[in-house]
Structures are given as structure tokens and as C-alpha cells.
file structure-v3.csv (CSV, C-alpha atoms and all ligand atoms)
chain,number,residue,atom,x,y,z
A,9,MET,CA,-0.5,-14.3,3.4
A,10,LYS,CA,-3.9,-13.4,1.9
A,11,GLU,CA,-2.9,-13.4,-1.8
A,12,LEU,CA,-0.1,-13.3,-4.3
A,13,PHE,CA,-0.7,-12.0,-7.8
A,14,HIS,CA,0.9,-10.3,-10.7
A,15,THR,CA,-0.5,-6.9,-11.9
A,16,LEU,CA,0.5,-3.3,-12.5
A,17,GLN,CA,1.1,-1.0,-9.6
A,18,GLY,CA,-2.0,1.2,-9.8
A,19,GLU,CA,-1.2,4.0,-7.4
A,20,GLY,CA,1.5,6.5,-6.6
A,21,GLY,CA,5.0,7.0,-7.8
A,22,GLN,CA,5.4,3.6,-9.4
A,23,THR,CA,2.1,3.6,-11.2
A,24,GLY,CA,2.1,1.4,-14.3
A,25,ARG,CA,5.0,-0.8,-13.3
A,26,ALA,CA,4.5,-4.6,-13.4
A,27,ALA,CA,4.7,-6.0,-10.0
A,28,VAL,CA,4.0,-9.1,-7.9
A,29,PHE,CA,1.6,-8.0,-5.1
A,30,CYS,CA,2.1,-9.9,-1.8
A,31,ARG,CA,-0.9,-9.0,0.4
A,32,PHE,CA,-0.4,-10.0,4.1
A,33,ALA,CA,-3.4,-10.8,6.2
A,34,GLY,CA,-4.3,-8.6,9.2
A,35,CYS,CA,-4.1,-4.9,10.1
A,36,ASN,CA,-3.5,-3.0,13.4
A,37,LEU,CA,-6.1,-0.4,12.5
A,38,TRP,CA,-9.1,-2.6,11.6
A,39,THR,CA,-10.1,-6.2,12.1
A,40,GLY,CA,-11.2,-6.4,8.5
A,41,ARG,CA,-14.8,-7.4,9.6
A,42,GLU,CA,-17.6,-5.2,8.4
A,43,ALA,CA,-19.2,-5.3,11.8
A,44,ASP,CA,-16.2,-3.6,13.3
A,45,ARG,CA,-15.7,-0.9,10.6
A,46,GLU,CA,-17.5,1.9,12.5
A,47,LYS,CA,-15.4,1.5,15.6
A,48,ALA,CA,-12.1,1.0,13.8
A,49,THR,CA,-9.3,3.6,13.7
A,50,CYS,CA,-9.2,3.3,9.9
A,51,GLN,CA,-12.8,3.2,8.5
A,52,PHE,CA,-12.4,3.6,4.7
A,53,CYS,CA,-10.4,0.6,3.8
A,54,ASP,CA,-11.1,-0.8,0.3
A,55,THR,CA,-9.5,-4.2,0.9
A,56,ASP,CA,-10.3,-7.7,2.0
A,57,PHE,CA,-7.3,-8.8,4.0
A,58,ILE,CA,-8.7,-11.5,6.3
A,59,GLY,CA,-7.3,-15.0,6.1
A,60,THR,CA,-5.0,-16.8,3.7
A,61,ASP,CA,-7.6,-18.0,1.2
A,62,GLY,CA,-6.9,-15.7,-1.7
A,63,PRO,CA,-5.2,-16.5,-5.1
A,64,GLY,CA,-1.7,-17.7,-4.3
A,65,GLY,CA,-2.3,-17.2,-0.6
A,66,GLY,CA,-1.3,-19.5,2.2
A,67,ARG,CA,1.1,-20.0,5.1
A,68,PHE,CA,4.8,-20.2,4.4
A,69,ASP,CA,7.3,-22.0,6.7
A,70,ASN,CA,10.1,-19.5,6.2
A,71,ALA,CA,11.3,-16.5,4.3
A,72,LYS,CA,13.0,-18.5,1.6
A,73,ALA,CA,9.8,-20.4,0.8
A,74,LEU,CA,7.8,-17.1,0.4
A,75,ALA,CA,10.5,-15.5,-1.6
A,76,GLU,CA,10.5,-18.5,-4.0
A,77,ALA,CA,6.7,-18.2,-4.3
A,78,ILE,CA,7.0,-14.5,-5.1
A,79,ALA,CA,9.7,-15.3,-7.8
A,80,ALA,CA,7.4,-18.0,-9.3
A,81,THR,CA,4.6,-15.4,-9.6
A,82,TRP,CA,6.8,-13.2,-11.8
A,83,PRO,CA,6.0,-14.4,-15.3
A,84,ALA,CA,8.7,-12.8,-17.4
A,85,PRO,CA,11.9,-14.8,-18.1
A,86,GLY,CA,15.1,-13.5,-16.7
A,87,ARG,CA,15.7,-11.6,-13.4
A,88,ASP,CA,15.6,-8.1,-14.8
A,89,ARG,CA,13.3,-5.4,-13.4
A,90,ARG,CA,11.6,-7.7,-11.0
A,91,PHE,CA,9.4,-5.8,-8.6
A,92,VAL,CA,7.4,-6.8,-5.6
A,93,VAL,CA,4.9,-4.7,-3.6
A,94,PHE,CA,4.2,-5.8,0.0
A,95,THR,CA,0.8,-4.6,1.1
A,96,GLY,CA,-2.1,-5.9,3.2
A,97,GLY,CA,-3.5,-5.3,5.6
A,98,GLU,CA,-0.5,-3.8,7.3
A,99,PRO,CA,2.6,-5.5,5.9
A,100,LEU,CA,5.0,-4.2,8.5
A,101,LEU,CA,3.3,-6.4,11.1
A,102,GLN,CA,5.1,-9.3,9.2
A,103,LEU,CA,7.8,-8.1,6.8
A,104,ASP,CA,11.1,-8.6,8.5
A,105,THR,CA,14.8,-8.6,7.6
A,106,PRO,CA,15.1,-12.3,6.7
A,107,LEU,CA,12.2,-11.9,4.2
A,108,ILE,CA,13.7,-8.7,2.7
A,109,ASP,CA,17.0,-10.4,2.3
A,110,ALA,CA,15.5,-13.5,0.8
A,111,VAL,CA,13.5,-11.4,-1.7
A,112,HIS,CA,16.6,-9.4,-2.7
A,113,GLU,CA,18.4,-12.7,-3.3
A,114,GLN,CA,15.7,-13.3,-5.9
A,115,ASP,CA,16.7,-10.0,-7.6
A,116,PHE,CA,13.5,-8.2,-6.7
A,117,THR,CA,13.2,-4.5,-6.0
A,118,ILE,CA,11.0,-4.2,-2.9
A,119,ALA,CA,8.2,-1.7,-2.4
A,120,VAL,CA,6.0,-1.5,0.6
A,121,GLU,CA,2.6,0.1,1.3
A,122,SER,CA,2.2,1.0,5.0
A,123,ASN,CA,0.0,3.0,7.3
A,124,GLY,CA,3.2,4.4,9.0
A,125,THR,CA,2.3,3.3,12.5
A,126,ILE,CA,5.2,0.8,12.7
A,127,ALA,CA,8.8,1.6,12.1
A,128,ALA,CA,10.1,0.2,8.8
A,129,PRO,CA,13.0,-2.3,8.8
A,130,SER,CA,16.0,-1.2,6.7
A,131,GLY,CA,16.4,-2.6,3.2
A,132,ILE,CA,13.1,-1.5,1.6
A,133,ASP,CA,13.8,0.1,-1.8
A,134,TRP,CA,10.5,2.1,-2.2
A,135,LEU,CA,8.5,2.9,0.9
A,136,CYS,CA,5.0,4.4,0.5
A,137,ILE,CA,3.5,5.7,3.7
A,138,SER,CA,-0.2,6.5,3.9
A,139,PRO,CA,-1.1,8.1,7.2
A,140,LYS,CA,-4.4,7.5,8.9
A,141,ALA,CA,-6.3,10.1,11.0
A,142,GLY,CA,-6.6,8.9,14.6
A,143,SER,CA,-3.4,6.8,14.5
A,144,THR,CA,0.1,7.7,15.6
A,145,LEU,CA,2.6,8.2,12.7
A,146,LEU,CA,5.9,6.7,13.6
A,147,GLN,CA,7.5,6.2,10.2
A,148,LYS,CA,8.2,9.8,9.0
A,149,SER,CA,10.6,9.1,6.1
A,150,GLY,CA,10.4,7.2,2.8
A,151,GLN,CA,10.1,7.6,-0.9
A,152,GLU,CA,6.4,8.7,-1.1
A,153,LEU,CA,3.8,9.9,1.2
A,154,LYS,CA,0.4,9.0,-0.2
A,155,LEU,CA,-2.4,10.7,1.6
A,156,VAL,CA,-6.0,9.5,1.2
A,157,TYR,CA,-8.1,12.6,0.8
A,158,PRO,CA,-10.0,14.0,2.5
A,159,GLN,CA,-9.6,12.9,6.1
A,160,THR,CA,-11.4,15.4,8.3
A,161,THR,CA,-8.7,16.0,10.9
A,162,PHE,CA,-5.8,16.1,8.4
A,163,ASP,CA,-4.4,19.2,6.6
A,164,PRO,CA,-2.1,18.0,3.9
A,165,GLN,CA,0.2,21.0,4.5
A,166,ASP,CA,1.2,19.5,7.9
A,167,PHE,CA,2.9,16.6,6.1
A,168,LEU,CA,5.2,18.5,3.8
A,169,ALA,CA,7.9,18.9,6.5
A,170,LEU,CA,8.4,15.1,6.6
A,171,ASP,CA,11.3,13.4,4.8
A,172,PHE,CA,9.6,12.1,1.6
A,173,GLU,CA,10.6,12.5,-2.0
A,174,GLN,CA,7.1,12.7,-3.3
A,175,PHE,CA,3.7,13.8,-1.9
A,176,TRP,CA,0.6,12.3,-3.4
A,177,LEU,CA,-3.1,12.9,-2.7
A,178,GLN,CA,-5.4,9.9,-3.4
A,179,PRO,CA,-9.1,10.5,-3.5
A,180,MET,CA,-10.9,8.4,-1.0
A,181,ASP,CA,-12.9,5.7,-2.7
A,182,GLY,CA,-16.4,5.0,-1.5
A,183,PRO,CA,-19.8,6.7,-1.8
A,184,ASP,CA,-18.2,10.1,-2.2
A,185,GLN,CA,-15.6,9.1,-4.7
A,186,LYS,CA,-16.6,11.6,-7.3
A,187,THR,CA,-16.7,14.6,-4.9
A,188,ASN,CA,-13.4,13.5,-3.3
A,189,THR,CA,-11.7,13.2,-6.7
A,190,ASP,CA,-12.9,16.8,-7.6
A,191,ALA,CA,-11.6,18.1,-4.2
A,192,ALA,CA,-8.2,16.3,-4.6
A,193,THR,CA,-7.9,17.7,-8.1
A,194,GLN,CA,-8.6,21.2,-7.0
A,195,TYR,CA,-6.1,20.8,-4.0
A,196,CYS,CA,-3.3,19.7,-6.4
A,197,LEU,CA,-4.0,22.6,-8.7
A,198,GLU,CA,-3.6,25.0,-5.9
A,199,HIS,CA,-0.8,23.2,-4.1
A,200,PRO,CA,1.8,22.0,-6.6
A,201,ARG,CA,3.9,20.1,-4.1
A,202,TRP,CA,1.1,17.5,-4.3
A,203,ARG,CA,0.4,15.2,-7.2
A,204,LEU,CA,-2.9,13.4,-7.9
A,205,SER,CA,-2.8,9.6,-7.4
A,206,LEU,CA,-5.7,7.9,-9.1
A,207,GLN,CA,-6.3,4.2,-8.4
A,208,THR,CA,-5.7,3.3,-12.1
A,209,HIS,CA,-6.2,-0.4,-11.6
A,210,LYS,CA,-9.8,0.3,-10.6
A,211,LEU,CA,-10.3,2.5,-13.7
A,212,ILE,CA,-9.1,-0.3,-16.1
A,213,GLY,CA,-10.5,-3.2,-14.2
A,214,ILE,CA,-7.4,-5.2,-13.2
A,215,PRO,CA,-6.5,-6.4,-9.7
A,301,LIG,C1,-5.3,-1.3,1.6
A,301,LIG,S1,-3.9,-0.3,2.1
A,301,LIG,C2,-2.7,-1.5,2.7
A,301,LIG,C3,-1.4,-0.9,3.2
A,301,LIG,C4,-1.5,-0.2,4.5
A,301,LIG,N1,-2.3,-0.8,5.5
A,301,LIG,C5,-1.9,1.3,4.3
A,301,LIG,O1,-3.0,1.6,4.7
A,301,LIG,O2,-1.1,2.0,3.7
A,301,LIG,C6,-3.2,0.1,0.5
A,301,LIG,C7,-3.4,1.6,0.0
A,301,LIG,O3,-4.8,1.8,-0.2
A,301,LIG,C8,-5.2,3.0,0.3
A,301,LIG,N2,-6.6,3.0,0.5
A,301,LIG,C9,-7.3,2.1,1.3
A,301,LIG,N3,-8.6,2.4,1.3
A,301,LIG,C10,-8.8,3.4,0.3
A,301,LIG,C11,-9.9,4.1,-0.2
A,301,LIG,N4,-11.1,3.8,0.2
A,301,LIG,N5,-9.7,5.0,-1.1
A,301,LIG,C12,-8.4,5.3,-1.5
A,301,LIG,N6,-7.3,4.7,-1.1
A,301,LIG,C13,-7.5,3.7,-0.1
A,301,LIG,C14,-4.3,3.1,1.6
A,301,LIG,O4,-4.3,4.4,2.1
A,301,LIG,C15,-3.0,2.6,1.1
A,301,LIG,O5,-2.3,3.7,0.5
A,302,LIG,N1,-3.1,-2.8,-9.0
A,302,LIG,C1,-3.0,-2.5,-7.7
A,302,LIG,N2,-2.2,-1.5,-7.3
A,302,LIG,C2,-2.2,-1.3,-5.9
A,302,LIG,N3,-1.4,-0.4,-5.3
A,302,LIG,C3,-1.6,-0.5,-4.0
A,302,LIG,C4,-2.6,-1.5,-3.8
A,302,LIG,C5,-2.9,-2.0,-2.4
A,302,LIG,O1,-4.0,-2.5,-2.2
A,302,LIG,O2,-2.1,-1.9,-1.5
A,302,LIG,C6,-3.0,-2.0,-5.0
A,302,LIG,C7,-3.9,-3.0,-5.5
A,302,LIG,O3,-4.7,-3.6,-4.8
A,302,LIG,N4,-3.8,-3.2,-6.9
A,303,LIG,S1,-4.5,0.8,7.6
A,303,LIG,FE1,-4.5,0.1,5.4
A,303,LIG,S2,-5.1,-2.1,5.5
A,303,LIG,FE2,-5.5,-1.2,7.5
A,303,LIG,S3,-7.6,-0.8,7.4
A,303,LIG,FE3,-6.5,1.1,6.8
A,303,LIG,S4,-6.3,1.0,4.6
A,303,LIG,FE4,-6.9,-1.0,5.3
A,304,MG,MG,-5.8,-2.0,-3.2

call {"tool": "encode", "arguments": {"input": "structure-v3.csv", "output": "C-alpha cells"}}
result
Amino acid sequence: MKELFHTLQGEGGQTGRAAVFCRFAGCNLWTGREADREKATCQFCDTDFIGTDGPGGGRFDNAKALAEAIAATWPAPGRDRRFVVFTGGEPLLQLDTPLIDAVHEQDFTIAVESNGTIAAPSGIDWLCISPKAGSTLLQKSGQELKLVYPQTTFDPQDFLALDFEQFWLQPMDGPDQKTNTDAATQYCLEHPRWRLSLQTHKLIGIP
């Protein structure tokens, strides 16, 4: 596990909600090394997910130990409204039923951010799928589909038949961030099934 930290969910349908972020190391679509970015399936990643050296990171012997570390990262007293977001890297390489059960035992609602190439285990309360051009989408249902926009070979229209409650367009961050934000804004204006997801944590300078 790369890092464990408390912040506000910055993106998508749970934006603004206090959450513990549990960022797993490793991804199946990029090694995480800059030297490999150009040949990776996913080339626009904004995240360092290599290793276990981040704040609160480390290796955990079992699901219960990690669930207890997640609970200890939740600052508020009481067990009400506890919320954890599993991300990465690709969290579905590591998130399994024993961990889901152990985190539920700690009274957390569980959200996951996934690239959709791995079928999700049952028990996730809020599943966000963010498809990546050039990969095979296996997980075609969940609560939100959050498409990073634009991706040259993707037409957002093609995703609307999938079984999601919400459809979000998130401007691709990087050198063309401004242009991409304008394009995503225009797309949402013209296609009202889609909502605009801004990465609000970057706007306000929190993790
Ligand atoms: C770092 S990924 C980790 C979870 C999972 N591997 C995935 O791709 O969904 C978390 C979220 O950030 C989004 N993301 C990554 N790089 C981005 C970028 N450059 N601009 C906008 N969103 C980005 C992903 O699409 C995903 O929704
Ligand atoms: N605040 C905040 N919200 C987020 N939502 C998804 C994130 C991610 O990297 O998966 C993320 C993140 O890194 N920070
Ligand atoms: S799939 Fe997710 S974690 Fe992996 S490289 Fe792409 S954005 Fe980053
Ligand atoms: Mg992020």
C-alpha cells in the first residue's frame, strides 16, 4: 500500500465528502515509471503509485490489520459516516472479499476507483469505473462511470448503454488541461446525460 490519508473526495459523484484514501501500489496498465509511460496502455496517469513509502503506507500482514489502520486514519470520533476510497494504481489487483468484510466491520462505506479491466468483487458500496482507451473493459456496471476526456478512440456516447447510475466527464490533466476542460464543458452542455467532474482537490490544493 502506497499511502493512507484523510482528505475530501475531489472527483465524481461523491465530491466533497470526507474520506480515507487507501492508495494501493501497482497498476496493470502502466509500471508507474516515467521511462515506460510512452509504451504504456494508459499514458496520462497523474499519480505516483510505486512502492509503499508514502504517508501511512506500508505492508500489512492481513485484512484486519489494514482495516484497523484505515479506521485509525479516520479522525472524527464515533463510527458515523465513515468513508474509504480504495484507489491506486489499480486497487482491484489487491482488494478482496476479506478486506471488504474487515473494512465493513469498522463501519466504513467503501468506494473504489478502478480502470474497469478487472471484475469487481461484490460488497463494494460505490464503484467508480474509469475506462482507458486500448484496454478491455470487463466491469460494465457500477454507480458511476467517470471518463477522462478526451481519449482519441473513445466516443462518450458508446458508454451510455452500460449499467451505471451516473456518467461523468473529467478533463484530462496535463499540458492540455485548459483545452480539455473547455471541450468537456462544451460536451456536457450539448449532452446532458454527462456531468462535468473537475478534480477539485487540485483546485484547492489538498491531497
Ligand atoms: C489514478 S486513477 C487510480 C484508479 C484506477 N487505476 C483508474 O484508473 O481508475 C484515479 C482516477 O484518476 C483519473 N485520472 C488519472 N490521470 C488523470 C489525468 N491526467 N487527468 C484526469 N484524470 C485522471 C483516473 O481516470 C481515475 O478516475
Ligand atoms: N482528493 C482526492 N480525490 C481523489 N479522487 C480520486 C483520486 C485518485 O487519485 O484516485 C483522488 C485523489 O488523489 N485525491
Ligand atoms: S489505470 Fe489508473 S492508476 Fe493505472 S496508469 Fe491509468 S490512471 Fe494511473
Ligand atoms: Mg488522484

call {"tool": "residues_around", "arguments": {"input": "structure-v3.csv", "residues": "region 196-198 of chain A", "least_positions_apart": "5", "cutoff": "10 Å", "atoms": "only C-alpha atoms", "output": "PyMOL selection string"}}
result
chain A and resi 176-177+191+203-204

call {"tool": "closest_residue", "arguments": {"input": "structure-v3.csv", "among": "A:Ala26, A:Leu206, A:Cys50, A:Ile118", "to": "ligand MG 304 (chain A)", "atoms": "all atoms listed in the file"}}
result
A:Leu206

call {"tool": "residues_near_ligand", "arguments": {"input": "structure-v3.csv", "ligand": "ligand LIG 302 (chain A)", "cutoff": "12 Å", "atoms": "all atoms listed in the file", "output": "PyMOL selection string"}}
result
chain A and resi 10-33+53-57+92-99+119-123+135-138+154+178+205-215

call {"tool": "atom_distance", "arguments": {"input": "structure-v3.csv", "atom1": "CA of Ala73 (chain A)", "atom2": "atom C2 of ligand LIG 301 (chain A)"}}
result
22.7 Å

call {"tool": "atom_distance", "arguments": {"input": "structure-v3.csv", "atom1": "CA of Glu173 (chain A)", "atom2": "CA of Glu152 (chain A)"}}
result
5.7 Å

call {"tool": "residues_around", "arguments": {"input": "structure-v3.csv", "residues": "Ala77 (chain A)", "least_positions_apart": "2", "cutoff": "12 Å", "atoms": "all atoms listed in the file", "output": "ChimeraX atom specification"}}
result
/A:9,11-14,28-30,64-75,79-83,92,107,110-111,114

call {"tool": "write_last_selection", "arguments": {"input": "structure-v3.csv", "atoms": "C-alpha atoms", "output": "PDB file, in the coordinates of the input"}}
result
ATOM      1  CA  MET A   9      -0.500 -14.300   3.400  1.00  0.00           C
ATOM      2  CA  GLU A  11      -2.900 -13.400  -1.800  1.00  0.00           C
ATOM      3  CA  LEU A  12      -0.100 -13.300  -4.300  1.00  0.00           C
ATOM      4  CA  PHE A  13      -0.700 -12.000  -7.800  1.00  0.00           C
ATOM      5  CA  HIS A  14       0.900 -10.300 -10.700  1.00  0.00           C
ATOM      6  CA  VAL A  28       4.000  -9.100  -7.900  1.00  0.00           C
ATOM      7  CA  PHE A  29       1.600  -8.000  -5.100  1.00  0.00           C
ATOM      8  CA  CYS A  30       2.100  -9.900  -1.800  1.00  0.00           C
ATOM      9  CA  GLY A  64      -1.700 -17.700  -4.300  1.00  0.00           C
ATOM     10  CA  GLY A  65      -2.300 -17.200  -0.600  1.00  0.00           C
ATOM     11  CA  GLY A  66      -1.300 -19.500   2.200  1.00  0.00           C
ATOM     12  CA  ARG A  67       1.100 -20.000   5.100  1.00  0.00           C
ATOM     13  CA  PHE A  68       4.800 -20.200   4.400  1.00  0.00           C
ATOM     14  CA  ASP A  69       7.300 -22.000   6.700  1.00  0.00           C
ATOM     15  CA  ASN A  70      10.100 -19.500   6.200  1.00  0.00           C
ATOM     16  CA  ALA A  71      11.300 -16.500   4.300  1.00  0.00           C
ATOM     17  CA  LYS A  72      13.000 -18.500   1.600  1.00  0.00           C
ATOM     18  CA  ALA A  73       9.800 -20.400   0.800  1.00  0.00           C
ATOM     19  CA  LEU A  74       7.800 -17.100   0.400  1.00  0.00           C
ATOM     20  CA  ALA A  75      10.500 -15.500  -1.600  1.00  0.00           C
ATOM     21  CA  ALA A  79       9.700 -15.300  -7.800  1.00  0.00           C
ATOM     22  CA  ALA A  80       7.400 -18.000  -9.300  1.00  0.00           C
ATOM     23  CA  THR A  81       4.600 -15.400  -9.600  1.00  0.00           C
ATOM     24  CA  TRP A  82       6.800 -13.200 -11.800  1.00  0.00           C
ATOM     25  CA  PRO A  83       6.000 -14.400 -15.300  1.00  0.00           C
ATOM     26  CA  VAL A  92       7.400  -6.800  -5.600  1.00  0.00           C
ATOM     27  CA  LEU A 107      12.200 -11.900   4.200  1.00  0.00           C
ATOM     28  CA  ALA A 110      15.500 -13.500   0.800  1.00  0.00           C
ATOM     29  CA  VAL A 111      13.500 -11.400  -1.700  1.00  0.00           C
ATOM     30  CA  GLN A 114      15.700 -13.300  -5.900  1.00  0.00           C
TER      31      GLN A 114
END

call {"tool": "closest_residue", "arguments": {"input": "structure-v3.csv", "among": "A:Asp190, A:Trp202, A:Glu46, A:Met180", "to": "ligand MG 304 (chain A)", "atoms": "only C-alpha atoms and all ligand atoms"}}
result
A:Met180

call {"tool": "closest_residue", "arguments": {"input": "structure-v3.csv", "among": "A:Val156, A:Ile108, A:Leu103, A:Leu170", "to": "ligand LIG 303 (chain A)", "atoms": "all atoms listed in the file"}}
result
A:Val156

call {"tool": "closest_residue", "arguments": {"input": "structure-v3.csv", "among": "A:Asp181, A:Thr60, A:Tyr157, A:Arg201", "to": "ligand MG 304 (chain A)", "atoms": "all atoms listed in the file"}}
result
A:Asp181

call {"tool": "closest_residue", "arguments": {"input": "structure-v3.csv", "among": "A:Glu42, A:Asp104, A:Asp171, A:Asp163", "to": "ligand LIG 303 (chain A)", "atoms": "all atoms listed in the file"}}
result
A:Glu42

call {"tool": "closest_residue", "arguments": {"input": "structure-v3.csv", "among": "A:Ala169, A:Ala84, A:Leu155, A:Ile78", "to": "ligand LIG 303 (chain A)", "atoms": "only C-alpha atoms and all ligand atoms"}}
result
A:Leu155

call {"tool": "atom_distance", "arguments": {"input": "structure-v3.csv", "atom1": "atom C12 of ligand LIG 301 (chain A)", "atom2": "CA of Trp134 (chain A)"}}
result
19.2 Å

call {"tool": "residues_around", "arguments": {"input": "structure-v3.csv", "residues": "Thr125 (chain A)", "least_positions_apart": "3", "cutoff": "10 Å", "atoms": "all atoms listed in the file", "output": "list in words"}}
result
Asn36, Leu37, Glu98, Leu100, Leu101, Ser122, Ala128, Ile137, Ser138, Pro139, Lys140, Ser143, Thr144, Leu145, Leu146, Gln147 and Lys148 of chain A

call {"tool": "write_last_selection", "arguments": {"input": "structure-v3.csv", "atoms": "C-alpha atoms", "output": "PDB file, in the frame of the given file"}}
result
ATOM      1  CA  ASN A  36      -3.500  -3.000  13.400  1.00  0.00           C
ATOM      2  CA  LEU A  37      -6.100  -0.400  12.500  1.00  0.00           C
ATOM      3  CA  GLU A  98      -0.500  -3.800   7.300  1.00  0.00           C
ATOM      4  CA  LEU A 100       5.000  -4.200   8.500  1.00  0.00           C
ATOM      5  CA  LEU A 101       3.300  -6.400  11.100  1.00  0.00           C
ATOM      6  CA  SER A 122       2.200   1.000   5.000  1.00  0.00           C
ATOM      7  CA  ALA A 128      10.100   0.200   8.800  1.00  0.00           C
ATOM      8  CA  ILE A 137       3.500   5.700   3.700  1.00  0.00           C
ATOM      9  CA  SER A 138      -0.200   6.500   3.900  1.00  0.00           C
ATOM     10  CA  PRO A 139      -1.100   8.100   7.200  1.00  0.00           C
ATOM     11  CA  LYS A 140      -4.400   7.500   8.900  1.00  0.00           C
ATOM     12  CA  SER A 143      -3.400   6.800  14.500  1.00  0.00           C
ATOM     13  CA  THR A 144       0.100   7.700  15.600  1.00  0.00           C
ATOM     14  CA  LEU A 145       2.600   8.200  12.700  1.00  0.00           C
ATOM     15  CA  LEU A 146       5.900   6.700  13.600  1.00  0.00           C
ATOM     16  CA  GLN A 147       7.500   6.200  10.200  1.00  0.00           C
ATOM     17  CA  LYS A 148       8.200   9.800   9.000  1.00  0.00           C
TER      18      LYS A 148
END

call {"tool": "residues_near_point", "arguments": {"input": "structure-v3.csv", "point": "(-11.5, 11.8, 9.6)", "cutoff": "10 Å", "atoms": "only C-alpha atoms", "output": "PyMOL selection string"}}
result
chain A and resi 49-52+140-142+157-162

call {"tool": "axis_aligned_box", "arguments": {"input": "structure-v3.csv", "around": "ligand LIG 301 (chain A)", "padding_each_side": "4 Å", "output": "JSON"}}
result
{"center_x": -6.1, "center_y": 1.9, "center_z": 2.0, "size_x": 18.0, "size_y": 14.8, "size_z": 15.0}

call {"tool": "build_atoms", "arguments": {"input": "structure-v3.csv", "residues": "region 134-154 of chain A", "atoms": "N, CA and C atoms", "output": "CSV table (one decimal), in the frame of the given file"}}
result
chain,number,residue,atom,x,y,z
A,134,TRP,N,11.5,1.0,-1.9
A,134,TRP,CA,10.5,2.1,-2.2
A,134,TRP,C,9.4,2.0,-1.1
A,135,LEU,N,9.5,2.9,-0.2
A,135,LEU,CA,8.5,2.9,0.9
A,135,LEU,C,7.4,4.0,0.7
A,136,CYS,N,6.2,3.5,0.7
A,136,CYS,CA,5.0,4.4,0.5
A,136,CYS,C,4.3,4.4,1.9
A,137,ILE,N,4.2,5.6,2.5
A,137,ILE,CA,3.5,5.7,3.7
A,137,ILE,C,2.2,6.5,3.5
A,138,SER,N,1.1,5.9,4.0
A,138,SER,CA,-0.2,6.5,3.9
A,138,SER,C,-0.8,6.7,5.3
A,139,PRO,N,-0.7,7.9,5.9
A,139,PRO,CA,-1.1,8.1,7.2
A,139,PRO,C,-2.6,8.0,7.4
A,140,LYS,N,-3.0,7.6,8.6
A,140,LYS,CA,-4.4,7.5,8.9
A,140,LYS,C,-4.8,8.3,10.1
A,141,ALA,N,-5.8,9.2,9.9
A,141,ALA,CA,-6.3,10.1,11.0
A,141,ALA,C,-6.6,9.2,12.2
A,142,GLY,N,-6.2,9.6,13.4
A,142,GLY,CA,-6.6,8.9,14.6
A,142,GLY,C,-5.5,7.9,15.0
A,143,SER,N,-4.5,7.7,14.1
A,143,SER,CA,-3.4,6.8,14.5
A,143,SER,C,-2.1,7.6,14.7
A,144,THR,N,-1.1,7.0,15.3
A,144,THR,CA,0.1,7.7,15.6
A,144,THR,C,1.1,7.4,14.5
A,145,LEU,N,1.6,8.4,13.8
A,145,LEU,CA,2.6,8.2,12.7
A,145,LEU,C,4.0,8.1,13.3
A,146,LEU,N,4.6,6.9,13.1
A,146,LEU,CA,5.9,6.7,13.6
A,146,LEU,C,7.0,6.7,12.5
A,147,GLN,N,6.6,6.3,11.3
A,147,GLN,CA,7.5,6.2,10.2
A,147,GLN,C,7.4,7.5,9.4
A,148,LYS,N,8.3,8.4,9.5
A,148,LYS,CA,8.2,9.8,9.0
A,148,LYS,C,9.2,10.0,7.8
A,149,SER,N,9.7,8.9,7.2
A,149,SER,CA,10.6,9.1,6.1
A,149,SER,C,10.3,7.9,5.1
A,150,GLY,N,10.7,8.2,3.9
A,150,GLY,CA,10.4,7.2,2.8
A,150,GLY,C,10.5,7.8,1.5
A,151,GLN,N,10.1,7.1,0.4
A,151,GLN,CA,10.1,7.6,-0.9
A,151,GLN,C,8.8,8.4,-1.2
A,152,GLU,N,7.7,7.9,-0.8
A,152,GLU,CA,6.4,8.7,-1.1
A,152,GLU,C,5.5,8.7,0.1
A,153,LEU,N,4.9,9.8,0.3
A,153,LEU,CA,3.8,9.9,1.2
A,153,LEU,C,2.5,10.0,0.4
A,154,LYS,N,1.6,9.1,0.6
A,154,LYS,CA,0.4,9.0,-0.2
A,154,LYS,C,-0.8,9.2,0.7
